[in-house]
file input39.tsv (TSV, C-alpha atoms and all ligand atoms)
chain	number	residue	atom	x	y	z
A	148	MET	CA	-258.18	84.52	115.34
A	149	PRO	CA	-260.84	81.98	114.20
A	150	ASP	CA	-258.29	79.63	112.62
A	151	GLY	CA	-256.31	79.67	115.88
A	152	LEU	CA	-259.44	78.74	117.84
A	153	THR	CA	-260.07	75.81	115.51
A	154	ALA	CA	-256.48	74.64	115.99
A	155	ALA	CA	-256.80	75.03	119.78
A	156	ARG	CA	-259.96	72.92	119.77
A	157	SER	CA	-258.15	70.15	117.94
A	158	LEU	CA	-255.80	69.99	120.96
A	159	GLY	CA	-258.80	69.69	123.28
A	160	LEU	CA	-258.38	73.29	124.41
A	161	ASP	CA	-261.63	75.11	125.04
A	162	LEU	CA	-260.88	78.82	125.28
A	163	GLU	CA	-264.52	79.91	125.58
A	164	THR	CA	-264.48	80.36	129.31
A	165	GLY	CA	-264.38	83.29	131.70
A	166	ASP	CA	-264.74	86.80	130.40
A	167	ALA	CA	-263.10	86.22	126.98
A	168	GLN	CA	-264.46	88.63	124.39
A	169	HIS	CA	-265.71	87.64	120.95
A	170	PHE	CA	-264.92	89.91	118.02
A	171	ARG	CA	-266.53	89.45	114.64
A	172	GLY	CA	-263.81	90.77	112.33
A	173	ILE	CA	-261.09	93.34	111.73
A	174	ARG	CA	-261.28	97.10	111.20
A	175	PHE	CA	-258.40	99.01	109.59
A	176	ARG	CA	-258.11	102.73	110.32
A	177	ALA	CA	-255.62	105.10	108.70
A	178	GLY	CA	-256.14	108.85	109.06
A	179	ASP	CA	-259.70	109.59	107.97
A	180	HIS	CA	-260.10	106.24	106.27
A	181	ALA	CA	-261.68	103.13	107.76
A	182	VAL	CA	-262.65	99.76	106.39
A	183	GLU	CA	-263.94	96.70	108.17
A	184	ALA	CA	-264.99	93.13	107.45
A	185	SER	CA	-266.38	90.18	109.37
A	186	PHE	CA	-264.66	86.81	109.39
A	187	PRO	CA	-266.27	84.49	106.82
A	188	GLN	CA	-266.90	81.98	109.61
A	189	GLY	CA	-266.59	82.03	113.36
A	190	TYR	CA	-265.11	84.83	115.43
A	191	GLY	CA	-261.93	85.94	117.12
A	192	LEU	CA	-261.44	85.75	120.86
A	193	GLY	CA	-259.62	88.26	123.05
A	194	MET	CA	-258.40	87.39	126.52
A	195	ARG	CA	-255.59	88.19	128.93
A	196	ARG	CA	-252.49	86.06	128.42
A	197	THR	CA	-252.59	84.96	132.06
A	198	GLU	CA	-256.05	83.44	131.54
A	199	LEU	CA	-254.99	81.68	128.36
A	200	HIS	CA	-251.97	80.33	130.20
A	201	GLN	CA	-254.14	78.85	132.98
A	202	LEU	CA	-256.43	77.16	130.44
A	203	MET	CA	-253.40	75.63	128.71
A	204	VAL	CA	-251.93	74.46	132.03
A	205	ASP	CA	-255.26	72.84	133.03
A	206	ARG	CA	-255.53	71.06	129.68
A	207	ALA	CA	-251.94	69.80	129.89
A	208	ALA	CA	-252.58	68.48	133.42
A	209	GLU	CA	-255.74	66.73	132.21
A	210	ALA	CA	-253.69	65.10	129.42
A	211	GLY	CA	-251.22	63.73	131.99
A	212	VAL	CA	-248.34	66.18	131.55
A	213	ARG	CA	-246.03	66.39	134.56
A	214	MET	CA	-245.09	70.02	135.10
A	215	MET	CA	-241.96	71.18	136.90
A	216	TRP	CA	-242.60	74.82	137.73
A	217	GLY	CA	-239.51	76.95	138.16
A	218	ALA	CA	-237.24	74.33	136.57
A	219	ARG	CA	-234.53	75.66	134.32
A	220	VAL	CA	-233.26	73.62	131.40
A	221	ALA	CA	-229.50	74.15	131.20
A	222	GLY	CA	-228.51	72.00	128.23
A	223	ILE	CA	-229.29	68.97	126.09
A	224	GLY	CA	-227.26	65.94	125.05
A	225	PRO	CA	-227.99	62.77	123.09
A	226	GLY	CA	-231.23	61.41	124.57
A	227	ARG	CA	-231.13	63.62	127.64
A	228	VAL	CA	-232.02	67.04	129.00
A	229	MET	CA	-230.08	68.75	131.78
A	230	VAL	CA	-232.58	70.13	134.24
A	231	ASN	CA	-232.27	71.30	137.87
A	232	GLY	CA	-228.68	70.02	138.08
A	233	GLY	CA	-229.55	66.49	136.90
A	234	ALA	CA	-230.15	64.68	133.61
A	235	ALA	CA	-233.59	63.53	132.45
A	236	ARG	CA	-233.74	60.83	129.77
A	237	ALA	CA	-235.75	61.72	126.66
A	238	ARG	CA	-236.80	59.80	123.53
A	239	TRP	CA	-237.60	63.15	121.87
A	240	ILE	CA	-236.69	66.69	122.88
A	241	VAL	CA	-239.07	69.50	121.95
A	242	GLY	CA	-237.70	73.03	122.25
A	243	ALA	CA	-240.75	75.22	122.91
A	244	ASP	CA	-238.74	77.88	124.70
A	245	GLY	CA	-239.73	80.98	122.75
A	246	GLY	CA	-238.06	83.39	120.33
A	247	HIS	CA	-234.70	83.40	122.16
A	248	SER	CA	-234.66	79.60	122.24
A	249	ALA	CA	-231.60	78.08	123.88
A	250	VAL	CA	-232.62	74.62	122.65
A	251	ARG	CA	-232.42	75.99	119.09
A	252	ARG	CA	-228.86	77.14	119.73
A	253	TRP	CA	-227.81	73.93	121.48
A	254	ALA	CA	-229.19	71.83	118.60
A	255	GLY	CA	-227.35	73.95	116.00
A	256	LEU	CA	-230.62	75.05	114.40
A	257	ASP	CA	-230.03	78.82	114.49
A	258	GLY	CA	-229.52	79.12	110.70
A	259	CYS	CA	-232.18	81.45	109.24
A	260	GLU	CA	-233.63	81.98	105.78
A	261	ARG	CA	-235.08	85.27	107.00
A	262	ASN	CA	-234.84	87.17	110.23
A	263	SER	CA	-236.04	90.70	110.95
A	264	LEU	CA	-237.18	92.27	114.19
A	265	ARG	CA	-239.81	94.78	115.30
A	266	TYR	CA	-240.72	95.89	118.80
A	267	GLY	CA	-244.07	95.55	120.54
A	268	PHE	CA	-245.26	97.47	123.61
A	269	ARG	CA	-248.59	96.82	125.26
A	270	ARG	CA	-250.79	98.28	127.95
A	271	HIS	CA	-254.30	97.44	129.20
A	272	TYR	CA	-256.94	100.12	129.68
A	273	HIS	CA	-260.04	100.09	131.93
A	274	LEU	CA	-262.56	100.59	129.20
A	275	ALA	CA	-265.52	98.53	127.97
A	276	PRO	CA	-264.84	97.39	124.38
A	277	TRP	CA	-266.48	99.93	122.05
A	278	SER	CA	-266.37	97.85	118.90
A	279	GLU	CA	-267.28	94.38	117.67
A	280	TYR	CA	-264.07	94.46	115.65
A	281	MET	CA	-260.41	94.19	116.51
A	282	GLU	CA	-259.06	97.56	115.39
A	283	LEU	CA	-255.76	98.05	113.62
A	284	HIS	CA	-254.70	101.71	113.43
A	285	TRP	CA	-252.04	102.55	110.87
A	286	GLY	CA	-249.60	105.38	111.59
A	287	ASP	CA	-246.29	106.43	110.06
A	288	GLY	CA	-243.88	103.55	110.59
A	289	CYS	CA	-245.96	102.08	113.41
A	290	GLN	CA	-249.28	100.41	114.08
A	291	LEU	CA	-251.54	100.26	117.11
A	292	TYR	CA	-253.97	97.43	117.55
A	293	VAL	CA	-256.80	97.29	120.03
A	294	THR	CA	-258.20	93.98	121.23
A	295	PRO	CA	-261.05	93.54	123.74
A	296	VAL	CA	-259.78	91.24	126.51
A	297	SER	CA	-262.70	91.35	128.97
A	298	SER	CA	-266.05	93.12	129.33
A	299	ARG	CA	-264.19	95.95	131.13
A	300	GLU	CA	-260.80	96.03	129.49
A	301	VAL	CA	-259.02	96.47	126.16
A	302	CYS	CA	-255.39	95.75	125.30
A	303	VAL	CA	-253.52	98.25	123.14
A	304	VAL	CA	-250.32	97.14	121.40
A	305	LEU	CA	-247.87	99.36	119.58
A	306	ILE	CA	-245.61	97.71	117.01
A	307	SER	CA	-242.82	99.44	115.15
A	308	GLY	CA	-239.28	99.01	113.91
A	309	ASN	CA	-238.06	101.58	116.43
A	310	PRO	CA	-237.06	100.10	119.82
A	311	ARG	CA	-237.25	103.56	121.45
A	312	LEU	CA	-240.82	104.37	120.37
A	313	ARG	CA	-243.29	103.96	123.25
A	314	LEU	CA	-247.08	104.13	123.46
A	315	ASP	CA	-247.20	107.64	124.94
A	316	ALA	CA	-245.01	109.01	122.15
A	317	ALA	CA	-246.98	107.23	119.41
A	318	LEU	CA	-250.54	107.93	120.62
A	319	PRO	CA	-250.73	111.61	119.50
A	320	GLN	CA	-250.68	110.31	115.90
A	321	PHE	CA	-254.01	108.63	116.68
A	322	GLY	CA	-256.04	111.52	118.12
A	323	GLU	CA	-259.43	109.86	118.53
A	324	LEU	CA	-257.94	106.76	120.14
A	325	GLN	CA	-255.76	108.88	122.40
A	326	ARG	CA	-258.82	110.77	123.65
A	327	ARG	CA	-260.68	107.52	124.36
A	328	LEU	CA	-257.79	106.04	126.33
A	329	ALA	CA	-256.91	109.15	128.34
A	330	GLY	CA	-256.81	108.45	132.09
A	331	ARG	CA	-257.89	104.79	131.67
A	332	GLN	CA	-254.50	103.11	131.97
A	333	ALA	CA	-254.78	99.83	133.92
A	334	THR	CA	-251.37	98.15	133.58
A	335	PRO	CA	-247.79	99.35	133.08
A	336	GLU	CA	-246.28	99.23	129.62
A	337	ARG	CA	-244.50	95.98	128.79
A	338	GLY	CA	-242.36	95.26	125.77
A	339	GLY	CA	-241.51	92.24	123.63
A	340	ILE	CA	-239.71	91.48	120.41
A	341	SER	CA	-241.72	90.53	117.37
A	342	ALA	CA	-239.56	88.53	114.98
A	343	SER	CA	-240.23	87.61	111.37
A	344	ARG	CA	-238.06	84.52	111.30
A	345	ARG	CA	-237.91	81.45	109.11
A	346	LEU	CA	-235.38	78.76	110.04
A	347	GLN	CA	-233.57	76.55	107.56
A	348	SER	CA	-234.65	73.53	109.59
A	349	VAL	CA	-236.90	72.96	112.60
A	350	TYR	CA	-235.44	69.60	113.65
A	351	ARG	CA	-232.19	67.74	113.96
A	352	GLY	CA	-231.87	64.13	115.15
A	353	ASP	CA	-234.29	63.71	118.04
A	354	VAL	CA	-234.74	67.47	118.67
A	355	ALA	CA	-237.68	69.44	117.24
A	356	LEU	CA	-238.57	73.11	117.71
A	357	LEU	CA	-242.10	74.40	118.26
A	358	GLY	CA	-243.82	77.80	118.46
A	359	ASP	CA	-241.66	80.94	118.42
A	360	ALA	CA	-238.55	78.81	118.94
A	361	SER	CA	-239.19	77.36	115.46
A	362	GLY	CA	-239.62	80.75	113.74
A	363	SER	CA	-242.39	83.34	113.84
A	364	VAL	CA	-244.40	85.90	111.91
A	365	ASP	CA	-244.81	89.58	112.78
A	366	ALA	CA	-247.22	90.15	115.70
A	367	ILE	CA	-249.40	92.33	113.43
A	368	THR	CA	-250.85	89.14	111.93
A	369	GLY	CA	-252.25	87.94	115.29
A	370	GLU	CA	-251.31	84.43	114.13
A	371	GLY	CA	-248.54	83.49	116.61
A	372	LEU	CA	-250.70	81.26	118.78
A	373	CYS	CA	-252.51	79.79	115.79
A	374	LEU	CA	-249.16	78.67	114.39
A	375	LEU	CA	-248.17	77.23	117.74
A	376	PHE	CA	-251.38	75.17	118.02
A	377	GLN	CA	-251.24	73.97	114.41
A	378	GLN	CA	-247.57	73.03	114.74
A	379	SER	CA	-248.36	71.08	117.94
A	380	VAL	CA	-250.85	68.88	116.08
A	381	ALA	CA	-248.37	68.34	113.21
A	382	LEU	CA	-245.53	67.51	115.63
A	383	ALA	CA	-247.66	65.00	117.56
A	384	GLU	CA	-248.44	63.18	114.31
A	385	ALA	CA	-244.77	63.17	113.26
A	386	LEU	CA	-243.68	61.84	116.68
A	387	GLU	CA	-246.27	59.11	116.47
A	388	ALA	CA	-244.92	58.13	113.04
A	389	GLY	CA	-241.33	58.43	114.36
A	390	ASP	CA	-240.45	60.70	111.42
A	391	LEU	CA	-239.55	64.35	112.07
A	392	SER	CA	-239.07	65.10	108.37
A	393	ARG	CA	-242.88	65.01	108.14
A	394	TYR	CA	-242.99	67.77	110.74
A	395	GLN	CA	-240.52	69.85	108.76
A	396	ALA	CA	-242.72	69.65	105.64
A	397	GLU	CA	-245.93	70.38	107.51
A	398	HIS	CA	-244.31	73.23	109.47
A	399	ARG	CA	-243.28	74.89	106.19
A	400	ARG	CA	-246.79	74.50	104.76
A	401	ILE	CA	-248.47	75.92	107.90
A	402	GLY	CA	-246.24	79.01	107.89
A	403	LYS	CA	-246.68	80.01	104.23
A	404	ARG	CA	-249.99	81.89	104.42
A	405	PRO	CA	-249.24	83.93	107.59
A	406	GLU	CA	-245.82	84.85	106.13
A	407	LEU	CA	-247.48	86.07	102.94
A	408	MET	CA	-250.06	88.09	104.88
A	409	ALA	CA	-247.37	89.65	107.09
A	410	ASP	CA	-245.38	90.66	103.99
A	411	LEU	CA	-248.45	92.21	102.36
A	412	MET	CA	-249.38	94.15	105.49
A	413	LEU	CA	-245.88	95.37	106.25
A	414	PHE	CA	-245.44	96.58	102.68
A	415	MET	CA	-247.75	99.44	103.74
A	416	ASP	CA	-245.79	100.10	106.96
A	417	SER	CA	-243.62	103.01	105.84
A	418	ARG	CA	-245.29	103.86	102.51
A	419	THR	CA	-247.78	106.55	103.44
A	420	ARG	CA	-249.06	107.26	99.93
A	421	LEU	CA	-249.47	103.60	99.08
A	422	ARG	CA	-251.28	103.05	102.39
A	423	THR	CA	-253.70	105.91	101.70
A	424	ARG	CA	-254.40	104.65	98.19
A	425	THR	CA	-254.88	101.10	99.46
A	426	MET	CA	-257.32	102.31	102.14
A	427	ARG	CA	-259.26	104.31	99.56
A	428	ALA	CA	-259.34	101.29	97.25
A	429	LEU	CA	-260.63	99.05	100.05
A	430	GLU	CA	-263.19	101.65	101.14
A	431	SER	CA	-264.58	101.85	97.64
A	432	LYS	CA	-264.65	98.05	97.23
A	433	PRO	CA	-265.21	96.51	100.70
A	434	ALA	CA	-265.56	93.05	99.12
A	435	LEU	CA	-261.80	93.15	98.48
A	436	PHE	CA	-261.12	93.62	102.18
A	437	ARG	CA	-263.58	90.85	103.01
A	438	ARG	CA	-261.68	88.49	100.74
A	439	MET	CA	-258.33	89.62	102.17
A	440	LEU	CA	-259.57	88.75	105.63
A	441	ALA	CA	-260.87	85.39	104.39
A	442	LEU	CA	-257.40	84.73	102.99
A	443	HIS	CA	-255.82	85.78	106.28
A	444	VAL	CA	-257.78	83.15	108.22
A	445	GLY	CA	-257.22	80.43	105.60
A	446	GLU	CA	-260.68	80.37	104.03
A	447	VAL	CA	-259.77	80.90	100.36
A	448	ASN	CA	-257.73	78.90	97.85
A	449	PRO	CA	-254.57	80.03	95.96
A	450	ARG	CA	-256.49	80.91	92.75
A	451	GLN	CA	-258.77	83.27	94.64
A	452	ILE	CA	-255.69	84.82	96.29
A	453	LEU	CA	-254.28	85.66	92.87
A	454	LYS	CA	-257.63	86.98	91.60
A	455	ASN	CA	-258.06	89.19	94.65
A	456	GLY	CA	-254.48	90.46	94.40
A	457	VAL	CA	-254.99	91.52	90.79
A	458	ALA	CA	-258.35	93.18	91.59
A	459	LEU	CA	-256.84	95.07	94.54
A	460	GLY	CA	-253.84	96.19	92.46
A	461	TRP	CA	-256.18	97.50	89.77
A	462	GLN	CA	-258.34	99.29	92.31
A	463	ILE	CA	-255.25	100.94	93.89
A	464	LEU	CA	-254.15	102.19	90.46
A	465	THR	CA	-257.53	103.54	89.47
A	466	VAL	CA	-259.03	104.85	92.73
B	1	LIG	C1	-246.16	92.49	121.23
B	1	LIG	C2	-246.67	91.13	120.82
B	1	LIG	C3	-248.03	90.94	120.63
B	1	LIG	C4	-248.52	89.69	120.23
B	1	LIG	N1	-249.86	89.54	120.05
B	1	LIG	C5	-250.35	88.33	119.66
B	1	LIG	C6	-251.76	88.14	119.48
B	1	LIG	O1	-252.55	89.05	119.66
B	1	LIG	N2	-252.19	86.91	119.09
B	1	LIG	C7	-251.33	85.86	118.90
B	1	LIG	O2	-251.77	84.76	118.55
B	1	LIG	N3	-249.99	86.02	119.06
B	1	LIG	C8	-249.49	87.21	119.44
B	1	LIG	N4	-248.13	87.37	119.62
B	1	LIG	C9	-247.25	86.21	119.37
B	1	LIG	C10	-247.30	85.23	120.55
B	1	LIG	O3	-247.05	85.93	121.76
B	1	LIG	C11	-246.25	84.14	120.39
B	1	LIG	O4	-246.34	83.58	119.10
B	1	LIG	C12	-246.44	83.02	121.43
B	1	LIG	O5	-246.34	83.54	122.74
B	1	LIG	C13	-245.37	81.95	121.24
B	1	LIG	O6	-245.49	81.00	122.27
B	1	LIG	P1	-244.26	80.08	122.64
B	1	LIG	O7	-244.79	79.13	123.68
B	1	LIG	O8	-243.65	79.50	121.41
B	1	LIG	O9	-243.17	81.03	123.29
B	1	LIG	P2	-243.25	81.89	124.63
B	1	LIG	O10	-244.64	82.39	124.85
B	1	LIG	O11	-242.13	82.86	124.54
B	1	LIG	O12	-242.94	80.82	125.79
B	1	LIG	C14	-241.66	80.23	125.94
B	1	LIG	C15	-241.54	79.70	127.36
B	1	LIG	O13	-240.30	78.98	127.52
B	1	LIG	C16	-239.76	79.31	128.80
B	1	LIG	N5	-238.29	79.10	128.78
B	1	LIG	C17	-237.37	79.72	127.98
B	1	LIG	N6	-236.13	79.26	128.25
B	1	LIG	C18	-236.25	78.32	129.23
B	1	LIG	C19	-235.32	77.48	129.93
B	1	LIG	N7	-234.00	77.48	129.68
B	1	LIG	N8	-235.79	76.63	130.88
B	1	LIG	C20	-237.13	76.59	131.15
B	1	LIG	N9	-238.06	77.36	130.51
B	1	LIG	C21	-237.63	78.21	129.57
B	1	LIG	C22	-240.12	80.77	129.00
B	1	LIG	O14	-240.09	81.11	130.37
B	1	LIG	C23	-241.54	80.81	128.42
B	1	LIG	O15	-242.51	80.50	129.39
B	1	LIG	C24	-247.62	88.61	120.01
B	1	LIG	C25	-246.24	88.81	120.22
B	1	LIG	C26	-245.76	90.06	120.61
B	1	LIG	C27	-244.28	90.24	120.82

call {"tool": "encode", "arguments": {"input": "input39.tsv", "output": "structure tokens", "more": "lines below"}}
Ligand SMILES: Cc1cc2nc3c(=O)[nH]c(=O)nc-3n(C[C@H](O)[C@H](O)[C@H](O)COP(=O)(O)OP(=O)(O)OC[C@H]3O[C@@H](n4cnc5c(N)ncnc54)[C@H](O)[C@@H]3O)c2cc1C
result
Amino acid sequence: MPDGLTAARSLGLDLETGDAQHFRGIRFRAGDHAVEASFPQGYGLGMRRTELHQLMVDRAAEAGVRMMWGARVAGIGPGRVMVNGGAARARWIVGADGGHSAVRRWAGLDGCERNSLRYGFRRHYHLAPWSEYMELHWGDGCQLYVTPVSSREVCVVLISGNPRLRLDAALPQFGELQRRLAGRQATPERGGISASRRLQSVYRGDVALLGDASGSVDAITGEGLCLLFQQSVALAEALEAGDLSRYQAEHRRIGKRPELMADLMLFMDSRTRLRTRTMRALESKPALFRRMLALHVGEVNPRQILKNGVALGWQILTV
């Protein structure tokens, strides 16, 4: 998303290389309804995770990070990290070890203010991107989103609350998309857990958590990496100041908007009638969707959020 790209740039990460695909905005589709809007500024970028990973590794190496591939962290203690059977001394310990973070557990930071899970399954398809938009298709209790990841490939992700629901079982709900994708499968289906998780605290003593280890928003927002990059900048500043309470405050502030957007979007997840009415309301007043998207990528202030919320509510009631 554009705000994620801005945050990546502030870490010196240039993601504009290779075959990464620009997209200009988001399109929602639900049944016969469709609405789309462009980002107020900038664009989104789709790429394979493996490519993103390489760019991040190169940037870390350039910044002087010493990488220990294949090393497994087995525990932490005061001022030290147990790795590869030995102990490494550490002034600070940053747990960036994902949603199932062991560092979080070891530091006693598992306490949650909220914690709910959904399940994501993805597959790539040999198909030139057909749209300038990232498409989000709404079904009953599940969503499919389609992101261009190269000039010859799209990535399709299914997200739902049902761990047994797979792409092949969900696709018949989305007839047009199913027809497009037929016979174009390029990679096997892979699954992951998408957690909506807010921790009570993201640091204790000299240990701080970052990225999914520190909490996360539903994958439907497309904001996971943006949060990670923004948190990295905030953590670096807090470490420089020697004060992790600053990181805690900034982490909370950074997460508020994506959490709100995830809640708003998931409210439509299993409410078919509300979803249809909302789509009709947005179709009849596309400016509302434009402003929603601007809010999603952090381009509007809290007063405008309230104004847009009231206008959308009214439109849903009267459409
Ligand atoms: C289905 C799905 C789709 C998504 N789509 C998007 C999207 O389109 N855009 C977006 O921005 N975000 C998306 N996200 C969210 C995004 O993937 C995450 O927010 C992001 O990967 C978090 O990065 P991370 O580095 O915190 O954790 P991870 O990517 O999970 O990385 C953690 C790393 O820590 C390592 N590790 C763990 N334990 C140890 C140990 N003991 N010793 C050594 N290493 C260890 C792991 O091997 C791993 O490499 C999606 C998520 C899901 C589930």

call {"tool": "closest_residue", "arguments": {"input": "input39.tsv", "among": "A:Pro295, A:Gly159, A:Gly358, A:Gly189", "to": "Glu446 of chain A", "atoms": "all atoms listed in the file"}}
result
A:Gly189

call {"tool": "closest_residue", "arguments": {"input": "input39.tsv", "among": "A:Ile173, A:Cys302, A:Val220, A:Asp365", "to": "Gln332 of chain A", "atoms": "only C-alpha atoms"}}
result
A:Cys302

call {"tool": "residues_near_ligand", "arguments": {"input": "input39.tsv", "ligand": "ligand LIG 1 (chain B)", "cutoff": "6 Å", "atoms": "all atoms listed in the file", "output": "ChimeraX atom specification"}}
result
/A:218-221,243-246,267-268,339-341,358-360,366,369-373

call {"tool": "residues_around", "arguments": {"input": "input39.tsv", "residues": "His284 of chain A", "least_positions_apart": "2", "cutoff": "8 Å", "atoms": "all atoms listed in the file", "output": "short mmCIF file (atom, residue, chain, number, x, y, z; two decimals) with C-alpha atoms, in the coordinates of the input"}}
result
data_model
loop_
_atom_site.label_atom_id
_atom_site.label_comp_id
_atom_site.auth_asym_id
_atom_site.auth_seq_id
_atom_site.Cartn_x
_atom_site.Cartn_y
_atom_site.Cartn_z
CA PHE A 175 -258.40 99.01 109.59
CA ARG A 176 -258.11 102.73 110.32
CA ALA A 177 -255.62 105.10 108.70
CA GLU A 282 -259.06 97.56 115.39
CA GLY A 286 -249.60 105.38 111.59
CA GLN A 290 -249.28 100.41 114.08
CA LEU A 291 -251.54 100.26 117.11
CA TYR A 292 -253.97 97.43 117.55
CA PHE A 321 -254.01 108.63 116.68
#

call {"tool": "closest_residue", "arguments": {"input": "input39.tsv", "among": "A:Arg351, A:Asp161, A:Arg213, A:Gly232", "to": "Gln201 of chain A", "atoms": "only C-alpha atoms"}}
result
A:Asp161

call {"tool": "closest_residue", "arguments": {"input": "input39.tsv", "among": "A:Asp166, A:Asp150, A:Asp416, A:Glu336", "to": "Asp315 of chain A", "atoms": "only C-alpha atoms"}}
result
A:Glu336

call {"tool": "atom_distance", "arguments": {"input": "input39.tsv", "atom1": "atom CA of Ser343 of chain A", "atom2": "atom CA of Glu406 of chain A"}}
result
8.1 Å

call {"tool": "closest_residue", "arguments": {"input": "input39.tsv", "among": "A:Leu421, A:Val296, A:Ala235, A:Leu283", "to": "Val182 of chain A", "atoms": "only C-alpha atoms"}}
result
A:Leu283

call {"tool": "residues_around", "arguments": {"input": "input39.tsv", "residues": "segment 425-438 of chain A", "least_positions_apart": "5", "cutoff": "12 Å", "atoms": "only C-alpha atoms", "output": "ChimeraX atom specification"}}
result
/A:172-188,284-285,411-412,414-416,418-420,443-448,451-466

call {"tool": "closest_residue", "arguments": {"input": "input39.tsv", "among": "A:Arg399, A:Arg344, A:Tyr190, A:Asp410", "to": "Asp257 of chain A", "atoms": "all atoms listed in the file"}}
result
A:Arg344

call {"tool": "residues_near_point", "arguments": {"input": "input39.tsv", "point": "(-230.1, 81.9, 114.0)", "cutoff": "10 Å", "atoms": "only C-alpha atoms", "output": "MDAnalysis selection string"}}
result
chainID A and resid 247:248 251:252 255:262 344:347 362

call {"tool": "write_last_selection", "arguments": {"input": "input39.tsv", "atoms": "C-alpha atoms", "output": "PDB file, keeping the file's coordinate frame"}}
result
ATOM      1  CA  HIS A 247    -234.700  83.400 122.160  1.00  0.00           C
ATOM      2  CA  SER A 248    -234.660  79.600 122.240  1.00  0.00           C
ATOM      3  CA  ARG A 251    -232.420  75.990 119.090  1.00  0.00           C
ATOM      4  CA  ARG A 252    -228.860  77.140 119.730  1.00  0.00           C
ATOM      5  CA  GLY A 255    -227.350  73.950 116.000  1.00  0.00           C
ATOM      6  CA  LEU A 256    -230.620  75.050 114.400  1.00  0.00           C
ATOM      7  CA  ASP A 257    -230.030  78.820 114.490  1.00  0.00           C
ATOM      8  CA  GLY A 258    -229.520  79.120 110.700  1.00  0.00           C
ATOM      9  CA  CYS A 259    -232.180  81.450 109.240  1.00  0.00           C
ATOM     10  CA  GLU A 260    -233.630  81.980 105.780  1.00  0.00           C
ATOM     11  CA  ARG A 261    -235.080  85.270 107.000  1.00  0.00           C
ATOM     12  CA  ASN A 262    -234.840  87.170 110.230  1.00  0.00           C
ATOM     13  CA  ARG A 344    -238.060  84.520 111.300  1.00  0.00           C
ATOM     14  CA  ARG A 345    -237.910  81.450 109.110  1.00  0.00           C
ATOM     15  CA  LEU A 346    -235.380  78.760 110.040  1.00  0.00           C
ATOM     16  CA  GLN A 347    -233.570  76.550 107.560  1.00  0.00           C
ATOM     17  CA  GLY A 362    -239.620  80.750 113.740  1.00  0.00           C
TER      18      GLY A 362
END

call {"tool": "residues_near_point", "arguments": {"input": "input39.tsv", "point": "(-261.4, 94.0, 121.0)", "cutoff": "10 Å", "atoms": "only C-alpha atoms", "output": "short mmCIF file (atom, residue, chain, number, x, y, z; two decimals) with C-alpha atoms, in the frame of the given file"}}
result
data_model
loop_
_atom_site.label_atom_id
_atom_site.label_comp_id
_atom_site.auth_asym_id
_atom_site.auth_seq_id
_atom_site.Cartn_x
_atom_site.Cartn_y
_atom_site.Cartn_z
CA ALA A 167 -263.10 86.22 126.98
CA GLN A 168 -264.46 88.63 124.39
CA HIS A 169 -265.71 87.64 120.95
CA PHE A 170 -264.92 89.91 118.02
CA ARG A 171 -266.53 89.45 114.64
CA GLY A 172 -263.81 90.77 112.33
CA ILE A 173 -261.09 93.34 111.73
CA GLY A 191 -261.93 85.94 117.12
CA LEU A 192 -261.44 85.75 120.86
CA GLY A 193 -259.62 88.26 123.05
CA MET A 194 -258.40 87.39 126.52
CA ALA A 275 -265.52 98.53 127.97
CA PRO A 276 -264.84 97.39 124.38
CA TRP A 277 -266.48 99.93 122.05
CA SER A 278 -266.37 97.85 118.90
CA GLU A 279 -267.28 94.38 117.67
CA TYR A 280 -264.07 94.46 115.65
CA MET A 281 -260.41 94.19 116.51
CA GLU A 282 -259.06 97.56 115.39
CA TYR A 292 -253.97 97.43 117.55
CA VAL A 293 -256.80 97.29 120.03
CA THR A 294 -258.20 93.98 121.23
CA PRO A 295 -261.05 93.54 123.74
CA VAL A 296 -259.78 91.24 126.51
CA SER A 297 -262.70 91.35 128.97
CA SER A 298 -266.05 93.12 129.33
CA GLU A 300 -260.80 96.03 129.49
CA VAL A 301 -259.02 96.47 126.16
CA CYS A 302 -255.39 95.75 125.30
CA VAL A 303 -253.52 98.25 123.14
#

call {"tool": "atom_distance", "arguments": {"input": "input39.tsv", "atom1": "atom CA of Ile401 of chain A", "atom2": "atom CA of Gly242 of chain A"}}
result
18.2 Å

call {"tool": "atom_distance", "arguments": {"input": "input39.tsv", "atom1": "atom CA of Ala385 of chain A", "atom2": "atom CA of Ala154 of chain A"}}
result
16.6 Å

call {"tool": "residues_around", "arguments": {"input": "input39.tsv", "residues": "Thr164 of chain A", "least_positions_apart": "5", "cutoff": "10 Å", "atoms": "only C-alpha atoms", "output": "MDAnalysis selection string"}}
result
chainID A and resid 194 198:199 202

call {"tool": "decode", "arguments": {"input": "input39.tsv", "residues": "segment 343-347 of chain A", "atoms": "N, CA and C atoms", "output": "CSV table (one decimal), in the first residue's frame"}}
result
chain,number,residue,atom,x,y,z
A,343,SER,N,-5.9,-10.9,14.4
A,343,SER,CA,-6.1,-9.5,14.8
A,343,SER,C,-5.8,-9.5,16.3
A,344,ARG,N,-4.6,-9.0,16.6
A,344,ARG,CA,-4.1,-9.1,17.9
A,344,ARG,C,-3.5,-7.8,18.4
A,345,ARG,N,-4.0,-7.4,19.6
A,345,ARG,CA,-3.3,-6.2,20.2
A,345,ARG,C,-2.8,-6.7,21.6
A,346,LEU,N,-1.5,-6.4,21.8
A,346,LEU,CA,-0.9,-6.8,23.1
A,346,LEU,C,-1.1,-5.8,24.2
A,347,GLN,N,-1.1,-6.2,25.4
A,347,GLN,CA,-1.1,-5.2,26.5
A,347,GLN,C,0.2,-4.3,26.5
